[in-house]
Structures are given as structure tokens and as C-alpha cells.
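*Asks:* Dropping in start-v6.cif, with mmCIF, C-alpha atoms and all ligand atoms.
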data_my_file
#
loop_
_atom_site.group_PDB
_atom_site.id
_atom_site.type_symbol
_atom_site.label_atom_id
_atom_site.label_comp_id
_atom_site.auth_asym_id
_atom_site.auth_seq_id
_atom_site.Cartn_x
_atom_site.Cartn_y
_atom_site.Cartn_z
ATOM 1 C CA MET A 21 1.696 -12.431 -14.779
ATOM 2 C CA SER A 22 -0.959 -10.751 -12.731
ATOM 3 C CA ARG A 23 -3.604 -8.366 -14.007
ATOM 4 C CA PHE A 24 -2.062 -5.820 -11.646
ATOM 5 C CA GLU A 25 1.208 -5.811 -13.594
ATOM 6 C CA GLY A 26 2.711 -2.314 -13.425
ATOM 7 C CA LEU A 27 0.474 -1.217 -10.543
ATOM 8 C CA PRO A 28 0.424 0.766 -8.380
ATOM 9 C CA ASP A 29 1.188 3.678 -10.679
ATOM 10 C CA ARG A 30 0.582 7.440 -10.631
ATOM 11 C CA ARG A 31 -3.142 7.082 -11.253
ATOM 12 C CA GLN A 32 -4.036 3.877 -9.501
ATOM 13 C CA SER A 33 -3.272 2.400 -6.118
ATOM 14 C CA LEU A 34 -4.167 -1.080 -4.920
ATOM 15 C CA THR A 35 -6.060 -2.147 -1.853
ATOM 16 C CA GLY A 36 -7.162 -5.385 -0.260
ATOM 17 C CA VAL A 37 -7.318 -7.226 3.048
ATOM 18 C CA THR A 38 -4.743 -9.328 4.871
ATOM 19 C CA ASP A 39 -5.441 -12.730 6.414
ATOM 20 C CA GLN A 40 -5.643 -10.900 9.752
ATOM 21 C CA GLY A 41 -8.417 -8.633 8.456
ATOM 22 C CA ASP A 42 -6.325 -5.472 8.233
ATOM 23 C CA GLU A 43 -6.641 -3.246 5.179
ATOM 24 C CA VAL A 44 -3.497 -2.975 3.090
ATOM 25 C CA TRP A 45 -2.891 -0.237 0.536
ATOM 26 C CA LEU A 46 -0.130 -0.186 -2.073
ATOM 27 C CA ILE A 47 0.805 3.250 -3.340
ATOM 28 C CA ARG A 48 3.426 4.256 -5.894
ATOM 29 C CA SER A 49 6.078 6.564 -4.500
ATOM 30 C CA ILE A 50 9.398 8.139 -5.386
ATOM 31 C CA SER A 51 11.711 7.912 -2.376
ATOM 32 C CA GLN A 52 12.945 11.208 -0.931
ATOM 33 C CA LYS A 53 15.701 9.539 1.089
ATOM 34 C CA LEU A 54 17.352 6.169 1.610
ATOM 35 C CA TYR A 55 14.909 3.504 2.772
ATOM 36 C CA ARG A 56 15.273 -0.155 3.658
ATOM 37 C CA CYS A 57 12.806 -2.369 1.852
ATOM 38 C CA GLY A 58 10.202 -3.740 4.282
ATOM 39 C CA CYS A 59 10.563 -7.123 2.593
ATOM 40 C CA CYS A 60 14.195 -7.862 1.651
ATOM 41 C CA HIS A 61 15.798 -5.066 3.751
ATOM 42 C CA ASP A 62 18.023 -4.056 0.847
ATOM 43 C CA SER A 63 18.306 -0.331 0.096
ATOM 44 C CA ILE A 64 15.868 1.834 -1.848
ATOM 45 C CA GLU A 65 17.901 4.815 -3.075
ATOM 46 C CA PRO A 66 16.644 8.409 -3.124
ATOM 47 C CA GLY A 67 14.803 9.000 -6.403
ATOM 48 C CA ASP A 68 13.921 5.319 -6.881
ATOM 49 C CA GLU A 69 10.361 4.396 -7.669
ATOM 50 C CA ASN A 70 9.020 2.215 -4.882
ATOM 51 C CA VAL A 71 5.784 1.050 -3.297
ATOM 52 C CA VAL A 72 4.475 2.409 -0.002
ATOM 53 C CA VAL A 73 2.738 -0.411 1.824
ATOM 54 C CA GLN A 74 0.268 1.149 4.248
ATOM 55 C CA TYR A 75 -1.753 -0.921 6.676
ATOM 56 C CA VAL A 76 -4.982 0.352 8.203
ATOM 57 C CA MET A 77 -5.442 -1.918 11.182
ATOM 58 C CA ARG A 78 -8.695 -3.655 11.999
ATOM 59 C CA THR A 79 -8.228 -2.446 15.561
ATOM 60 C CA GLY A 80 -7.378 1.102 14.461
ATOM 61 C CA GLY A 81 -4.183 2.908 13.596
ATOM 62 C CA THR A 82 -1.918 2.714 10.578
ATOM 63 C CA GLU A 83 1.629 1.733 9.776
ATOM 64 C CA HIS A 84 3.617 1.889 6.575
ATOM 65 C CA SER A 85 6.891 0.822 5.018
ATOM 66 C CA HIS A 86 8.590 1.221 1.652
ATOM 67 C CA TRP A 87 9.062 -1.831 -0.568
ATOM 68 C CA HIS A 88 10.771 -2.520 -3.869
ATOM 69 C CA ARG A 89 8.155 -2.832 -6.602
ATOM 70 C CA ARG A 90 9.445 -6.337 -7.348
ATOM 71 C CA CYS A 91 9.148 -7.410 -3.687
ATOM 72 C CA ALA A 92 5.612 -6.034 -3.418
ATOM 73 C CA ALA A 93 4.545 -7.770 -6.622
ATOM 74 C CA GLU A 94 6.148 -11.122 -5.853
ATOM 75 C CA VAL A 95 5.785 -11.442 -2.085
ATOM 76 C CA LEU A 96 2.966 -9.216 -0.869
ATOM 77 C CA MET A 97 0.390 -8.988 -3.629
ATOM 78 C CA PRO A 98 -0.232 -12.746 -3.924
ATOM 79 C CA SER A 99 -1.074 -12.846 -0.192
ATOM 80 C CA ILE A 100 -3.678 -10.059 -0.273
ATOM 81 C CA ARG A 101 -7.359 -10.958 -0.413
ATOM 82 C CA ALA A 102 -9.801 -9.139 -2.690
ATOM 83 C CA LEU A 103 -7.031 -7.077 -4.218
ATOM 84 C CA LYS A 104 -8.313 -4.302 -6.458
ATOM 85 C CA ALA A 105 -7.195 -1.104 -8.143
ATOM 86 C CA VAL A 106 -8.572 2.207 -6.862
ATOM 87 C CA ASN A 107 -8.047 5.840 -7.775
ATOM 88 C CA ALA A 108 -4.705 6.950 -6.352
ATOM 89 C CA SER A 109 -6.354 10.059 -4.880
ATOM 90 C CA ASP A 110 -8.357 7.790 -2.534
ATOM 91 C CA ALA A 111 -5.122 6.428 -1.079
ATOM 92 C CA SER A 112 -3.436 9.620 0.139
ATOM 93 C CA ARG A 113 -1.559 9.434 3.424
ATOM 94 C CA GLY A 114 -4.057 11.787 5.093
ATOM 95 C CA LYS A 115 -7.107 9.812 3.979
ATOM 96 C CA LEU A 116 -5.644 6.512 5.138
ATOM 97 C CA GLU A 117 -4.601 7.914 8.509
ATOM 98 C CA SER A 118 -8.097 9.249 9.023
ATOM 99 C CA ARG A 119 -9.480 5.780 8.093
ATOM 100 C CA GLY A 120 -7.270 4.379 10.841
ATOM 101 C CA ARG A 121 -8.955 6.653 13.379
ATOM 102 C CA ARG A 122 -12.397 5.310 12.488
ATOM 103 C CA SER A 123 -13.755 1.972 13.633
ATOM 104 C CA PRO A 124 -13.951 -0.576 10.802
ATOM 105 C CA GLY A 125 -17.758 -0.589 10.805
ATOM 106 C CA ARG A 126 -17.794 3.111 10.021
ATOM 107 C CA ARG A 127 -15.225 2.988 7.235
ATOM 108 C CA ARG A 128 -16.610 3.542 3.790
ATOM 109 C CA LYS A 129 -15.496 0.857 1.364
ATOM 110 C CA PRO A 130 -13.189 2.142 -1.359
ATOM 111 C CA ARG A 131 -14.974 2.249 -4.722
HETATM 112 ZN ZN ZN A 201 12.949 -5.506 -1.464
#
Turn the structure described in the file into C-alpha cells.
*Replies:*
Amino acid sequence: MSRFEGLPDRRQSLTGVTDQGDEVWLIRSISQKLYRCGCCHDSIEPGDENVVVQYVMRTGGTEHSHWHRRCAAEVLMPSIRALKAVNASDASRGKLESRGRRSPGRRRKPR
């Protein structure tokens, strides 16, 4: 079991870096519509708790998908470098999209 068991939750999101050097953020979400999991492609029903996986690319820009919590914990989290918990308010969609518009050298590290 990982020390990040149960995360991300309402108060804490997770962030780290992929092997390619892109930032990845994991944010708890309740789906507003039917999604396909970015991992197993099975459905995530409206109202289901899920994990938004948001990438902030090294070269700029962002992209996100919705994942089952189980898929994120078992498949994605073990592959992320320097994974850590951060305040969920630092991982809002708007903040991450604005990070994606900044060059990596000018991005402030999450606390
Ligand atoms: Zn899945």
C-alpha cells in the first residue's frame, strides 16, 4: 500500500513528473457526465468519484483525462517521479492551464 492511499481527495491533490519530464497532476473529481477512463477505457458514470489526470507539458500546453481511482493508483501513480501531495487549491484547472502557458523555467514549484 502506498502512502498516497486515498489520495487525491477533496483537500489534497498529487503532483509529480513523468519520465518525459512533463508535470502530471492528479485531482479528485466527481464526474458531471459519462467519461471513458483514460486507462482502461471502461465507463465512469455521472456522479462517480474519479481522478482527473492533468498533464502540464514540458514544451507548454496541457491535456487531461478522467481515470478510475483504482486505475490511477495502480497504473499511473507508480510511474510518476517525485510524487507528492499538495493543497488541492493549487491544482485548479485555471492554475494548471496558466502553468502550461509559461515556460518550465518560469514555473514556480508547487509547495
Ligand atoms: Zn479505468
*Asks:* Find, counting all atoms listed in the file, the residue in A:Pro124, A:Gly41, A:Pro28, A:Gly36 that gets nearest to Gly80 (chain A).
*Replies:*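 Checking each candidate against Gly80 (chain A), we get A:Pro124 as the closest.
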*Asks:* Taking only C-alpha atoms and all ligand atoms into account, list the residues no farther than 10 Å from ligand ZN 201 (chain A), as a list in words.
*Replies:*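 The neighbouring residues of ligand ZN 201 (chain A) are, in order, Arg56, Cys57, Gly58, Cys59, Cys60, His61, Asp62, Ser63, Ile64, Asn70, Val71, His86, Trp87, His88, Arg89, Arg90, Cys91, Ala92, Glu94 and Val95 of chain A.
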*Asks:* Leaving out Arg23 (chain A) and any residue of its chain fewer than 6 positions from it, which residues lie within 12 Å of it when counting all atoms listed in the file, given as a PDB file with C-alpha atoms, in the frame of the given file?
*Replies:*
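Result saved to result-v5.pdb:
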ATOM      1  CA  LEU A  34      -4.167  -1.080  -4.920  1.00  0.00           C
ATOM      2  CA  ALA A  93       4.545  -7.770  -6.622  1.00  0.00           C
ATOM      3  CA  MET A  97       0.390  -8.988  -3.629  1.00  0.00           C
ATOM      4  CA  PRO A  98      -0.232 -12.746  -3.924  1.00  0.00           C
ATOM      5  CA  LEU A 103      -7.031  -7.077  -4.218  1.00  0.00           C
ATOM      6  CA  LYS A 104      -8.313  -4.302  -6.458  1.00  0.00           C
ATOM      7  CA  ALA A 105      -7.195  -1.104  -8.143  1.00  0.00           C
TER       8      ALA A 105
END
*Asks:* In terms of the shortest atom-to-atom distance over all atoms listed in the file, which of A:Ser99, A:Leu46, A:Val106, A:Arg121 is closest to Val72 (chain A)?
*Replies:* A:Leu46
*Asks:* Once the PyMOL selection byres (((chain A and resi 39) around 9) and not hetatm) is applied to the coordinates I shared, what remains selected? I want it as JSON, numbers by chain.
*Replies:* {"A": [37, 38, 40, 41, 42, 99, 100, 101]}
*Asks:* Could those residues be written to a file, using C-alpha atoms, as a PDB file, in the frame of the given file?
*Replies:*
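Saved as part_13.pdb:
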ATOM      1  CA  VAL A  37      -7.318  -7.226   3.048  1.00  0.00           C
ATOM      2  CA  THR A  38      -4.743  -9.328   4.871  1.00  0.00           C
ATOM      3  CA  GLN A  40      -5.643 -10.900   9.752  1.00  0.00           C
ATOM      4  CA  GLY A  41      -8.417  -8.633   8.456  1.00  0.00           C
ATOM      5  CA  ASP A  42      -6.325  -5.472   8.233  1.00  0.00           C
ATOM      6  CA  SER A  99      -1.074 -12.846  -0.192  1.00  0.00           C
ATOM      7  CA  ILE A 100      -3.678 -10.059  -0.273  1.00  0.00           C
ATOM      8  CA  ARG A 101      -7.359 -10.958  -0.413  1.00  0.00           C
TER       9      ARG A 101
END
